[in-house]
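Chemist: What follows is the file model.txt, containing compact mmCIF, C-alpha atoms (C1' of nucleotides):
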```txt
# COMPACT_ATOMS: atom_id res chain seq x y z
CA MET M 1 0.00 0.00 0.00
CA SER M 2 2.39 2.62 1.25
CA VAL M 3 5.09 1.32 -1.03
CA GLN M 4 2.84 1.61 -4.01
CA GLU M 5 1.84 5.09 -2.98
CA ARG M 6 5.44 6.15 -2.69
CA LYS M 7 6.12 4.80 -6.15
CA GLN M 8 3.19 6.65 -7.60
CA ARG M 9 4.34 9.81 -5.91
CA GLU M 10 7.85 9.39 -7.27
CA ARG M 11 6.45 8.78 -10.70
CA ALA M 12 4.35 11.92 -10.54
CA ASP M 13 7.39 13.86 -9.34
CA ARG M 14 9.41 12.62 -12.24
CA GLU M 15 6.67 13.55 -14.66
CA ARG M 16 6.65 17.09 -13.29
CA LEU M 17 10.42 17.12 -13.57
CA ILE M 18 10.21 16.17 -17.24
CA VAL M 19 7.72 18.92 -18.03
CA ALA M 20 9.61 21.54 -16.03
CA THR M 21 12.90 20.57 -17.63
CA ALA M 22 11.44 20.62 -21.13
CA ARG M 23 10.03 24.05 -20.48
CA GLU M 24 13.27 25.36 -19.04
CA LEU M 25 15.30 24.00 -21.91
CA ALA M 26 12.85 25.42 -24.44
CA GLU M 27 12.96 28.87 -22.85
CA GLN M 28 16.75 28.78 -22.72
CA GLN M 29 17.54 27.46 -26.18
CA GLY M 30 14.26 27.15 -28.07
CA TRP M 31 12.11 24.11 -28.77
CA ASP M 32 14.48 22.83 -31.42
CA ALA M 33 17.01 22.22 -28.68
CA VAL M 34 14.51 20.12 -26.75
CA THR M 35 15.48 16.72 -28.11
CA THR M 36 14.57 13.53 -26.33
CA ARG M 37 18.23 12.79 -25.79
CA ARG M 38 19.05 16.13 -24.24
CA LEU M 39 15.92 16.07 -22.15
CA ALA M 40 16.70 12.58 -20.90
CA GLU M 41 20.22 13.61 -20.02
CA ARG M 42 19.02 16.62 -18.04
CA ILE M 43 16.60 14.62 -15.93
CA GLU M 44 19.32 11.99 -15.52
CA TYR M 45 17.34 9.12 -16.99
CA SER M 46 17.56 7.33 -20.27
CA GLN M 47 15.43 8.24 -23.27
CA PRO M 48 12.84 5.44 -22.98
CA VAL M 49 11.80 6.73 -19.57
CA LEU M 50 10.27 9.72 -21.32
CA TYR M 51 8.10 7.37 -23.32
CA SER M 52 6.80 5.68 -20.21
CA HIS M 53 5.30 9.03 -19.21
CA PHE M 54 4.38 10.53 -22.56
CA ARG M 55 3.46 9.13 -25.91
CA GLY M 56 6.13 11.24 -27.52
CA LYS M 57 7.63 14.67 -27.80
CA ARG M 58 4.34 16.15 -28.92
CA GLU M 59 2.65 15.14 -25.70
CA ILE M 60 5.42 16.78 -23.68
CA ILE M 61 4.81 19.99 -25.56
CA GLY M 62 1.13 19.57 -24.79
CA ALA M 63 1.86 19.25 -21.09
CA VAL M 64 3.86 22.47 -21.15
CA ALA M 65 1.01 24.13 -23.02
CA LEU M 66 -1.51 23.16 -20.35
CA GLU M 67 0.77 24.50 -17.63
CA GLY M 68 1.07 27.73 -19.58
CA ALA M 69 -2.67 28.05 -20.10
CA ALA M 70 -3.27 27.86 -16.36
CA GLU M 71 -0.59 30.45 -15.70
CA MET M 72 -1.85 32.79 -18.35
CA ALA M 73 -5.40 32.56 -17.09
CA ALA M 74 -4.16 33.45 -13.63
CA ALA M 75 -2.08 36.34 -14.97
CA VAL M 76 -5.00 37.74 -16.90
CA ARG M 77 -7.38 37.45 -13.96
CA ALA M 78 -4.88 39.05 -11.62
CA ALA M 79 -4.46 41.99 -13.98
CA THR M 80 -8.14 42.53 -14.68
CA SER M 81 -9.25 42.23 -11.08
CA ALA M 82 -6.86 45.02 -10.15
CA ALA M 83 -8.38 47.39 -12.71
CA ASP M 84 -11.37 49.67 -12.28
CA GLY M 85 -14.07 49.71 -14.92
CA PRO M 86 -14.57 47.75 -18.14
CA ARG M 87 -12.25 49.88 -20.22
CA ALA M 88 -9.34 49.64 -17.78
CA ARG M 89 -9.94 45.92 -17.47
CA VAL M 90 -9.59 45.38 -21.19
CA THR M 91 -6.39 47.38 -21.33
CA ALA M 92 -5.01 45.44 -18.41
CA LEU M 93 -6.02 42.19 -20.06
CA ALA M 94 -4.29 43.05 -23.30
CA ARG M 95 -1.12 44.08 -21.55
CA ALA M 96 -1.09 41.00 -19.34
CA TYR M 97 -1.61 38.74 -22.33
CA LEU M 98 1.17 40.27 -24.40
CA ASP M 99 3.40 40.46 -21.39
CA TYR M 100 2.98 36.77 -20.71
CA ALA M 101 3.68 35.93 -24.34
CA GLU M 102 6.82 38.01 -24.30
CA ARG M 103 8.16 36.66 -21.04
CA ASN M 104 7.39 33.03 -21.85
CA PRO M 105 7.91 32.68 -25.57
CA ALA M 106 8.50 28.94 -25.51
CA VAL M 107 5.40 28.30 -23.44
CA TYR M 108 3.41 30.56 -25.72
CA ASP M 109 4.65 28.59 -28.70
CA ALA M 110 3.67 25.34 -27.03
CA MET M 111 0.18 26.72 -26.56
CA PHE M 112 -0.49 28.34 -29.90
CA GLN M 113 2.24 27.71 -32.46
CA LEU M 114 3.33 24.12 -32.01
CA ASP M 115 1.39 20.93 -32.22
CA GLY M 116 0.90 19.65 -28.72
CA GLY M 117 -1.80 17.25 -29.79
CA LEU M 118 -4.44 19.19 -27.87
CA ALA M 119 -8.02 19.71 -28.93
CA PHE M 120 -9.18 23.30 -29.19
CA ALA M 121 -12.60 24.86 -29.55
CA HIS M 122 -14.13 21.48 -29.00
CA GLU M 123 -16.05 19.72 -26.29
CA ASP M 124 -13.10 17.57 -25.27
CA THR M 125 -10.79 20.56 -24.96
CA PRO M 126 -8.72 20.22 -21.77
CA GLU M 127 -10.03 22.24 -18.86
CA PRO M 128 -7.07 24.67 -18.54
CA LEU M 129 -7.54 25.78 -22.13
CA LYS M 130 -11.24 26.32 -21.71
CA ASP M 131 -10.56 28.22 -18.53
CA ALA M 132 -7.98 30.44 -20.17
CA PHE M 133 -10.53 31.40 -22.78
CA ALA M 134 -13.05 31.95 -20.02
CA ALA M 135 -10.64 34.34 -18.33
CA LEU M 136 -10.56 36.41 -21.50
CA LEU M 137 -14.31 36.21 -21.91
CA GLU M 138 -14.96 37.52 -18.41
CA SER M 139 -13.53 40.93 -19.18
CA LEU M 140 -14.07 41.09 -22.93
CA GLY M 141 -17.67 39.99 -22.90
CA GLU M 142 -18.77 43.15 -21.18
CA VAL M 143 -17.36 45.42 -23.88
CA ALA M 144 -18.59 43.50 -26.92
CA GLY M 145 -21.39 45.93 -27.54
CA ASP M 146 -25.10 45.39 -28.05
CA GLY M 147 -26.10 42.57 -30.31
CA VAL M 148 -22.58 41.28 -30.56
CA HIS M 149 -22.02 37.75 -29.36
CA PRO M 150 -19.52 37.88 -26.46
CA GLY M 151 -17.83 34.65 -27.48
CA LEU M 152 -17.26 35.75 -31.02
CA PHE M 153 -16.06 39.14 -29.85
CA THR M 154 -13.62 37.50 -27.47
CA GLU M 155 -12.32 35.27 -30.23
CA THR M 156 -11.75 38.25 -32.48
CA PHE M 157 -10.03 40.30 -29.82
CA TRP M 158 -7.92 37.31 -28.87
CA ALA M 159 -6.91 36.78 -32.49
CA ALA M 160 -5.74 40.37 -32.68
CA LEU M 161 -3.64 39.97 -29.55
CA HIS M 162 -2.27 36.71 -30.88
CA GLY M 163 -1.31 38.38 -34.12
CA LEU M 164 0.52 41.15 -32.32
CA ALA M 165 2.31 38.68 -30.05
CA THR M 166 3.51 36.36 -32.77
CA LEU M 167 4.38 38.92 -35.44
CA THR M 168 6.30 41.03 -32.96
CA ARG M 169 8.29 38.14 -31.60
CA ALA M 170 9.05 36.73 -35.03
CA GLY M 171 10.51 40.08 -36.02
CA ARG M 172 7.71 40.73 -38.49
CA LEU M 173 6.67 43.86 -36.62
CA PRO M 174 9.15 46.39 -35.27
CA PRO M 175 9.27 46.29 -31.46
CA GLU M 176 8.84 50.06 -31.23
CA HIS M 177 5.39 51.50 -30.60
CA ALA M 178 4.07 48.14 -29.41
CA GLU M 179 2.20 49.91 -26.65
CA TRP M 180 0.61 52.20 -29.18
CA ARG M 181 -0.83 49.29 -31.16
CA VAL M 182 -2.38 47.90 -28.01
CA GLU M 183 -4.06 51.20 -27.28
CA LEU M 184 -5.42 51.38 -30.80
CA LEU M 185 -6.81 47.89 -30.48
CA VAL M 186 -8.52 48.61 -27.19
CA ASP M 187 -9.76 52.02 -28.32
CA ARG M 188 -11.42 50.70 -31.41
CA LEU M 189 -12.50 47.18 -30.62
CA ALA M 190 -13.82 47.61 -27.11
CA LEU M 191 -17.04 49.60 -26.83
CA VAL M 192 -16.03 51.64 -23.81
CA MET V 1 28.41 33.10 -75.30
CA SER V 2 25.19 31.46 -76.39
CA VAL V 3 26.23 28.24 -74.69
CA GLN V 4 26.81 30.05 -71.44
CA GLU V 5 23.49 31.80 -71.76
CA ARG V 6 21.72 28.52 -72.32
CA LYS V 7 23.33 27.11 -69.21
CA GLN V 8 22.32 30.07 -67.14
CA ARG V 9 18.80 29.75 -68.42
CA GLU V 10 18.70 26.05 -67.61
CA ARG V 11 20.03 26.78 -64.16
CA ALA V 12 17.38 29.39 -63.57
CA ASP V 13 14.74 26.99 -64.82
CA ARG V 14 15.90 24.34 -62.42
CA GLU V 15 15.86 26.80 -59.56
CA ARG V 16 12.25 27.66 -60.35
CA LEU V 17 11.51 23.95 -60.53
CA ILE V 18 12.93 23.45 -57.06
CA VAL V 19 10.85 26.24 -55.57
CA ALA V 20 7.69 25.16 -57.35
CA THR V 21 8.18 21.54 -56.34
CA ALA V 22 8.87 22.45 -52.73
CA ARG V 23 5.72 24.54 -52.67
CA GLU V 24 3.63 21.82 -54.28
CA LEU V 25 4.92 19.18 -51.89
CA ALA V 26 4.34 21.45 -48.91
CA GLU V 27 0.76 22.17 -49.97
CA GLN V 28 0.09 18.50 -50.57
CA GLN V 29 1.65 16.99 -47.47
CA GLY V 30 2.85 19.83 -45.25
CA TRP V 31 6.29 21.29 -44.77
CA ASP V 32 7.42 18.36 -42.65
CA ALA V 33 7.19 16.21 -45.74
CA VAL V 34 9.46 18.54 -47.65
CA THR V 35 12.74 16.80 -46.96
CA THR V 36 15.79 17.39 -49.07
CA ARG V 37 15.73 13.77 -50.19
CA ARG V 38 12.12 13.79 -51.28
CA LEU V 39 12.53 17.15 -52.96
CA ALA V 40 15.61 15.95 -54.81
CA GLU V 41 13.81 12.84 -55.94
CA ARG V 42 10.88 14.84 -57.28
CA ILE V 43 13.03 17.14 -59.36
CA GLU V 44 15.00 14.09 -60.50
CA TYR V 45 18.35 15.29 -59.28
CA SER V 46 20.48 14.26 -56.34
CA GLN V 47 20.39 16.06 -53.00
CA PRO V 48 23.59 18.12 -53.38
CA VAL V 49 22.10 19.86 -56.40
CA LEU V 50 19.71 21.63 -54.05
CA TYR V 51 22.68 23.02 -52.18
CA SER V 52 24.19 24.43 -55.33
CA HIS V 53 21.10 26.65 -55.62
CA PHE V 54 20.23 27.32 -52.00
CA ARG V 55 22.22 27.47 -48.82
CA GLY V 56 19.83 25.00 -47.24
CA LYS V 57 16.23 24.11 -46.63
CA ARG V 58 15.59 27.41 -44.89
CA GLU V 59 16.50 29.35 -47.99
CA ILE V 60 14.11 27.25 -50.06
CA ILE V 61 11.34 28.14 -47.66
CA GLY V 62 12.37 31.76 -48.02
CA ALA V 63 12.08 31.53 -51.80
CA VAL V 64 8.56 30.14 -51.50
CA ALA V 65 7.75 32.95 -49.08
CA LEU V 66 8.85 35.60 -51.54
CA GLU V 67 6.76 34.05 -54.27
CA GLY V 68 3.81 34.04 -51.92
CA ALA V 69 4.30 37.65 -50.91
CA ALA V 70 4.14 38.76 -54.53
CA GLU V 71 1.01 36.70 -55.12
CA MET V 72 -0.68 37.95 -52.03
CA ALA V 73 0.09 41.55 -52.87
CA ALA V 74 -1.46 41.01 -56.29
CA ALA V 75 -4.51 39.30 -54.80
CA VAL V 76 -5.07 42.12 -52.34
CA ARG V 77 -4.67 44.80 -54.99
CA ALA V 78 -7.02 43.01 -57.35
CA ALA V 79 -9.66 42.77 -54.64
CA THR V 80 -9.38 46.34 -53.43
CA SER V 81 -9.32 47.89 -56.88
CA ALA V 82 -12.61 46.20 -57.66
CA ALA V 83 -14.29 47.73 -54.62
CA ASP V 84 -15.99 51.11 -54.34
CA GLY V 85 -15.16 53.35 -51.42
CA PRO V 86 -12.77 53.03 -48.49
CA ARG V 87 -15.02 50.85 -46.42
CA ALA V 88 -15.66 48.33 -49.18
CA ARG V 89 -11.96 48.28 -49.97
CA VAL V 90 -11.05 47.32 -46.44
CA THR V 91 -13.61 44.54 -46.39
CA ALA V 92 -12.36 43.27 -49.72
CA LEU V 93 -8.79 43.44 -48.47
CA ALA V 94 -9.55 41.44 -45.36
CA ARG V 95 -11.42 38.79 -47.31
CA ALA V 96 -8.69 38.55 -49.94
CA TYR V 97 -6.03 38.21 -47.27
CA LEU V 98 -7.81 35.48 -45.33
CA ASP V 99 -8.81 33.77 -48.53
CA TYR V 100 -5.22 33.62 -49.70
CA ALA V 101 -4.08 32.26 -46.35
CA GLU V 102 -6.75 29.59 -46.44
CA ARG V 103 -6.10 28.53 -50.01
CA ASN V 104 -2.32 28.49 -49.66
CA PRO V 105 -1.62 27.38 -46.12
CA ALA V 106 1.89 26.14 -46.81
CA VAL V 107 2.88 29.35 -48.56
CA TYR V 108 1.36 31.35 -45.74
CA ASP V 109 3.40 29.35 -43.26
CA ALA V 110 6.54 29.98 -45.28
CA MET V 111 5.83 33.68 -45.10
CA PHE V 112 4.80 34.13 -41.50
CA GLN V 113 5.19 30.99 -39.42
CA LEU V 114 8.41 29.35 -40.53
CA ASP V 115 11.92 30.63 -40.56
CA GLY V 116 12.84 31.41 -44.14
CA GLY V 117 15.82 33.45 -43.12
CA LEU V 118 14.22 36.65 -44.39
CA ALA V 119 14.55 40.06 -42.82
CA PHE V 120 11.31 41.80 -41.88
CA ALA V 121 10.53 45.35 -40.88
CA HIS V 122 14.05 46.29 -41.74
CA GLU V 123 15.80 48.27 -44.43
CA ASP V 124 17.18 45.16 -46.12
CA THR V 125 13.79 43.50 -46.26
CA PRO V 126 13.31 41.89 -49.69
CA GLU V 127 11.25 43.95 -52.10
CA PRO V 128 8.27 41.54 -52.42
CA LEU V 129 7.73 41.67 -48.66
CA LYS V 130 7.86 45.42 -48.55
CA ASP V 131 5.50 45.58 -51.48
CA ALA V 132 3.02 43.20 -49.84
CA PHE V 133 2.93 45.49 -46.84
CA ALA V 134 2.55 48.45 -49.17
CA ALA V 135 -0.46 46.77 -50.76
CA LEU V 136 -2.10 46.60 -47.35
CA LEU V 137 -1.12 50.15 -46.54
CA GLU V 138 -2.70 51.53 -49.70
CA SER V 139 -6.21 50.65 -48.60
CA LEU V 140 -5.79 50.64 -44.85
CA GLY V 141 -4.01 53.96 -44.60
CA GLU V 142 -7.09 55.84 -45.69
CA VAL V 143 -9.23 54.48 -42.87
CA ALA V 144 -6.74 54.89 -40.03
CA GLY V 145 -8.48 57.96 -38.73
CA ASP V 146 -7.17 61.41 -37.86
CA GLY V 147 -3.95 61.54 -35.94
CA VAL V 148 -3.37 57.85 -36.30
CA HIS V 149 -0.18 56.85 -38.07
CA PRO V 150 -1.15 54.88 -41.20
CA GLY V 151 1.78 52.49 -40.88
CA LEU V 152 1.04 51.61 -37.30
CA PHE V 153 -2.64 51.24 -38.09
CA THR V 154 -1.83 48.90 -40.96
CA GLU V 155 0.43 46.83 -38.74
CA THR V 156 -2.30 46.49 -36.16
CA PHE V 157 -4.96 45.56 -38.68
CA TRP V 158 -2.60 43.13 -40.32
CA ALA V 159 -1.82 41.52 -36.95
CA ALA V 160 -5.53 41.00 -36.37
CA LEU V 161 -5.93 39.34 -39.75
CA HIS V 162 -2.88 37.23 -39.11
CA GLY V 163 -4.29 36.13 -35.78
CA LEU V 164 -7.57 35.10 -37.38
CA ALA V 165 -5.79 33.26 -40.18
CA THR V 166 -3.44 31.26 -37.98
CA LEU V 167 -5.77 30.49 -35.10
CA THR V 168 -8.51 29.36 -37.45
CA ARG V 169 -6.26 27.12 -39.46
CA ALA V 170 -4.61 25.62 -36.39
CA GLY V 171 -8.04 24.65 -35.10
CA ARG V 172 -7.84 27.14 -32.24
CA LEU V 173 -10.89 28.97 -33.51
CA PRO V 174 -14.01 27.22 -34.77
CA PRO V 175 -14.40 27.65 -38.52
CA GLU V 176 -17.99 28.77 -38.16
CA HIS V 177 -18.81 32.46 -38.14
CA ALA V 178 -15.43 33.33 -39.64
CA GLU V 179 -17.12 35.87 -41.86
CA TRP V 180 -18.73 37.45 -38.87
CA ARG V 181 -15.38 38.04 -37.17
CA VAL V 182 -14.09 39.76 -40.27
CA GLU V 183 -17.07 42.09 -40.28
CA LEU V 184 -16.55 42.91 -36.65
CA LEU V 185 -12.91 43.70 -37.30
CA VAL V 186 -13.67 45.97 -40.22
CA ASP V 187 -16.61 47.63 -38.45
CA ARG V 188 -14.62 48.55 -35.43
CA LEU V 189 -11.07 49.08 -36.58
CA ALA V 190 -11.67 50.99 -39.80
CA LEU V 191 -12.99 54.50 -39.40
CA VAL V 192 -15.48 54.33 -42.24
C1' DT N 1 43.11 15.65 -79.07
C1' DC N 2 44.36 16.96 -74.65
C1' DG N 3 44.23 19.20 -70.01
C1' DA N 4 41.12 21.96 -67.10
C1' DT N 5 36.90 23.11 -65.43
C1' DT N 6 32.41 22.49 -64.42
C1' DG N 7 28.64 19.74 -63.04
C1' DT N 8 26.71 15.79 -60.73
C1' DC N 9 26.45 11.73 -57.91
C1' DT N 10 27.61 8.25 -54.33
C1' DA N 11 28.49 7.62 -49.80
C1' DG N 12 28.76 9.18 -45.36
C1' DC N 13 28.44 12.16 -40.93
C1' DA N 14 26.13 13.58 -36.90
C1' DG N 15 21.91 14.31 -35.41
C1' DT N 16 16.57 13.28 -34.82
C1' DG N 17 12.20 10.60 -32.67
C1' DC N 18 11.15 6.31 -31.19
C1' DT N 19 11.36 1.13 -29.74
C1' DA N 20 12.69 -3.91 -29.05
C1' DG N 21 14.96 -6.77 -25.98
C1' DG N 22 17.77 -7.79 -22.25
C1' DA N 23 19.61 -6.68 -17.55
C1' DT N 24 18.61 -5.29 -12.84
C1' DC N 25 16.50 -4.68 -8.75
C1' DA N 26 12.83 -4.76 -5.40
C1' DA N 27 8.42 -7.12 -3.70
C1' DG N 28 5.96 -10.93 -2.23
C1' DT N 29 5.95 -16.07 -1.15
C1' DC N 30 7.45 -20.29 0.70
C1' DG W 1 16.64 -16.44 4.37
C1' DA W 2 16.31 -18.16 -0.47
C1' DC W 3 13.48 -17.89 -4.67
C1' DT W 4 10.33 -16.50 -8.01
C1' DT W 5 7.98 -12.87 -10.15
C1' DG W 6 7.17 -8.60 -12.01
C1' DA W 7 8.04 -3.93 -12.61
C1' DT W 8 11.68 -0.64 -14.00
C1' DC W 9 15.24 0.92 -16.55
C1' DC W 10 19.01 0.98 -19.96
C1' DT W 11 21.73 -0.42 -24.07
C1' DA W 12 21.60 -0.73 -28.70
C1' DG W 13 19.53 -0.01 -32.83
C1' DC W 14 16.06 1.45 -36.60
C1' DA W 15 14.73 4.63 -40.14
C1' DC W 16 14.80 9.09 -40.84
C1' DT W 17 16.67 14.18 -41.01
C1' DG W 18 19.88 18.24 -43.06
C1' DC W 19 24.07 18.66 -44.98
C1' DT W 20 28.89 17.72 -47.19
C1' DA W 21 33.43 15.59 -48.80
C1' DG W 22 35.38 13.37 -52.42
C1' DA W 23 35.12 10.63 -56.59
C1' DC W 24 33.59 10.61 -61.13
C1' DA W 25 31.98 12.02 -65.74
C1' DA W 26 30.80 15.38 -69.13
C1' DT W 27 31.96 19.48 -71.34
C1' DC W 28 34.81 23.35 -72.56
C1' DG W 29 38.88 26.10 -74.43
C1' DA W 30 43.33 25.55 -76.52
```
Could you express the structure from this file as structure tokens?

Modeler:
Amino acid sequence: MSVQERKQRERADRERLIVATARELAEQQGWDAVTTRRLAERIEYSQPVLYSHFRGKREIIGAVALEGAAEMAAAVRAATSAADGPRARVTALARAYLDYAERNPAVYDAMFQLDGGLAFAHEDTPEPLKDAFAALLESLGEVAGDGVHPGLFTETFWAALHGLATLTRAGRLPPEHAEWRVELLVDRLALV
Amino acid sequence: MSVQERKQRERADRERLIVATARELAEQQGWDAVTTRRLAERIEYSQPVLYSHFRGKREIIGAVALEGAAEMAAAVRAATSAADGPRARVTALARAYLDYAERNPAVYDAMFQLDGGLAFAHEDTPEPLKDAFAALLESLGEVAGDGVHPGLFTETFWAALHGLATLTRAGRLPPEHAEWRVELLVDRLALV
DNA sequence: TCGATTGTCTAGCAGTGCTAGGATCAAGTC
DNA sequence: GACTTGATCCTAGCACTGCTAGACAATCGA
């Protein structure tokens, strides 16, 4: 009983170690550097151990993505709850979102750029992803405007933020005046 | 003289063949399937021939991206020039952009998702990329609104379109009501 | 016709994700 | 305490990747 429990606990610990190490390595050197060999070496186990926890590299990326979704939801909620009024909430949301993407590029990629084998916009979407969207919806829904579906509005606003985040980081948009673009987005899209 | 010219022409032809084949293969089976071996086999030459034209796979992706940028610029201009009035032009632009992204996913990836080794938002940005941005600017600049920098407005609008394009295609946004999101974007962002 | 140059291919390197099969070690039983 | 059993882990290897060195053949200028 207790032996089995200890083993399960150790296994869960190791799984967390794998995810945390993959994330760390990805943030340090990019996802290309996260090879199964290097990852195995860092956690001080052999390669096949990874496959006893995850189906493959894709699933490890997925695990990092879920972790990121939970963090981002928390970051967004923290920012919006500290703001007064719908307008300020939306601005805070946008800044928190872009800030998270900038500070955690590898995690952001795991969530939205790479294939982590996760279902999106679907009934069997993992809870953290649904909740992250819900966090956006909470503040964006109230500025959608009359007759505009809150969900669709949130999706559109989110897409705009996503575009800014990815194009900026990929060097497609100059880093200057980033703040200005955010203001424009909030000014125009959010109905006060 | 004439012999040398013929050789140069043949070389240029082969280079076009490489790019066209890479693009075709990428659209058929995704960029992951575009391996140097498979590409070499399709053009009926050995692998090293590819490296006598391009520095590596990345540069081939870059070549496809440039081709795509020129096409997209043309598509956008064709759509906007057929529309009457600023508002209609912006709608046409948005639809043309998203339509191109949807019909040519691999080319779109080469342009904006993958690393093609191209410089963006920079003085030594290749001409087709600058021109594609110019094509957007032509119609978007006129609806930026007073006191709003046309370039920054175009960047922001473009980012929103890019977000819609990528999130939709990656399955992050449900394909339904896509048209509705475009309308919302145009309605709110463009000042009539 | 002969050397030189250009063009092309074969073969190979180091790396990738992933897995089959054997070794090892701990748990439970007599 | 010795033994079997079963889980756990690692070594070694597969088929693939991007890329390149060196051998070979075709073509050119003299």

Chemist: Distance cut-off 12 Å, centre (-6.4, 34.8, -22.2) in file coordinates, counting all atoms listed in the file: which residues qualify? Return them as a PyMOL selection string.

Modeler: chain M and resi 68-80+90+92-101+108+111-112+128-140+154-155+157-162

Chemist: Specify as a list in words all residues of chain V found within 8 Å of chain W, counting all atoms listed in the file.

Modeler: Thr35, Thr36, Gly56 and Lys57 of chain V

Chemist: For chain V, list the residues within 12 Å of chain N, counting only C-alpha atoms (C1' of nucleotides), and write the list as a list in words.

Modeler: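 Those within range of chain N come out as Gln4, Lys7, Arg11, Glu44, Tyr45, Ser46, Gln47, Pro48, Val49, Leu50, Tyr51 and Ser52 of chain V.
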
Chemist: Would you put the residues from that selection into a file with C-alpha atoms, as an mmCIF file, in the frame of the given file?

Modeler:
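The result, written out as part_33.cif:
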```cif
data_model
loop_
_atom_site.group_PDB
_atom_site.id
_atom_site.type_symbol
_atom_site.label_atom_id
_atom_site.label_comp_id
_atom_site.auth_asym_id
_atom_site.auth_seq_id
_atom_site.Cartn_x
_atom_site.Cartn_y
_atom_site.Cartn_z
ATOM 1 C CA GLN V 4 26.810 30.050 -71.440
ATOM 2 C CA LYS V 7 23.330 27.110 -69.210
ATOM 3 C CA ARG V 11 20.030 26.780 -64.160
ATOM 4 C CA GLU V 44 15.000 14.090 -60.500
ATOM 5 C CA TYR V 45 18.350 15.290 -59.280
ATOM 6 C CA SER V 46 20.480 14.260 -56.340
ATOM 7 C CA GLN V 47 20.390 16.060 -53.000
ATOM 8 C CA PRO V 48 23.590 18.120 -53.380
ATOM 9 C CA VAL V 49 22.100 19.860 -56.400
ATOM 10 C CA LEU V 50 19.710 21.630 -54.050
ATOM 11 C CA TYR V 51 22.680 23.020 -52.180
ATOM 12 C CA SER V 52 24.190 24.430 -55.330
#
```

Chemist: Tell me the residues of chain V close to chain M, meaning within 7 Å using all atoms listed in the file, as a CSV table (one decimal) with C-alpha atoms, in the coordinates of the input.

Modeler:
```csv
chain,number,residue,atom,x,y,z
V,120,PHE,CA,11.3,41.8,-41.9
V,121,ALA,CA,10.5,45.4,-40.9
V,152,LEU,CA,1.0,51.6,-37.3
V,156,THR,CA,-2.3,46.5,-36.2
V,159,ALA,CA,-1.8,41.5,-37.0
V,160,ALA,CA,-5.5,41.0,-36.4
V,162,HIS,CA,-2.9,37.2,-39.1
V,163,GLY,CA,-4.3,36.1,-35.8
V,164,LEU,CA,-7.6,35.1,-37.4
V,167,LEU,CA,-5.8,30.5,-35.1
V,171,GLY,CA,-8.0,24.6,-35.1
V,172,ARG,CA,-7.8,27.1,-32.2
V,173,LEU,CA,-10.9,29.0,-33.5
V,174,PRO,CA,-14.0,27.2,-34.8
V,181,ARG,CA,-15.4,38.0,-37.2
V,188,ARG,CA,-14.6,48.6,-35.4
V,189,LEU,CA,-11.1,49.1,-36.6
```

Chemist: Just the number, please: distance in Å from atom CA of Arg38 of chain V to atom CA of Pro105 of chain V, one decimal.

Modeler: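 Computed distance, atom CA of Arg38 of chain V to atom CA of Pro105 of chain V, equals 20.0 Å.
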
Chemist: What is the distance between atom CA of Gly116 of chain V and atom CA of Arg103 of chain V, in Å to one decimal?

Modeler: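 So the answer is 20.0 Å.
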
Chemist: Quick one: distance from atom CA of Pro150 of chain V to atom CA of Asp84 of chain V in Å, one decimal?

Modeler: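 Taking atom CA of Pro150 of chain V and atom CA of Asp84 of chain V, their separation equals 20.2 Å.
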
Chemist: Find the residues near segment 18-30 of chain V: any atom within 10 Å, counting all atoms listed in the file, skip ones fewer than 2 places away on the same chain, and give them as JSON, numbers by chain.

Modeler: {"V": [12, 13, 14, 15, 16, 32, 33, 34, 35, 36, 38, 39, 40, 42, 43, 49, 50, 53, 54, 57, 59, 60, 61, 62, 63, 64, 65, 67, 68, 103, 104, 105, 106, 107, 109, 110]}

Chemist: Adding 3 Å on each side of the box along x, y and z that holds all listed atoms of segment 55-65 of chain V, could you give its centre and edge lengths in Å to one decimal, as lines of an AutoDock Vina configuration file?

Modeler:
```
center_x = 15.0
center_y = 28.5
center_z = -48.3
size_x = 20.5
size_y = 14.8
size_z = 12.9
```

Chemist: Reconstruct N, CA and C atoms of segment 45-51 of chain M from the incomplete input and present them as a CSV table (one decimal), keeping the file's coordinate frame.

Modeler:
```csv
chain,number,residue,atom,x,y,z
M,45,TYR,N,17.9,10.4,-16.7
M,45,TYR,CA,17.3,9.1,-17.0
M,45,TYR,C,17.6,8.9,-18.5
M,46,SER,N,17.4,7.6,-18.9
M,46,SER,CA,17.6,7.3,-20.3
M,46,SER,C,16.3,7.7,-21.1
M,47,GLN,N,16.5,7.8,-22.4
M,47,GLN,CA,15.4,8.2,-23.3
M,47,GLN,C,14.1,7.5,-23.1
M,48,PRO,N,14.1,6.2,-23.0
M,48,PRO,CA,12.8,5.4,-23.0
M,48,PRO,C,12.0,5.8,-21.8
M,49,VAL,N,12.6,6.3,-20.7
M,49,VAL,CA,11.8,6.7,-19.6
M,49,VAL,C,10.8,7.8,-20.0
M,50,LEU,N,11.2,8.7,-20.9
M,50,LEU,CA,10.3,9.7,-21.3
M,50,LEU,C,9.0,9.1,-21.9
M,51,TYR,N,9.2,8.0,-22.6
M,51,TYR,CA,8.1,7.4,-23.3
M,51,TYR,C,7.2,6.5,-22.4
```
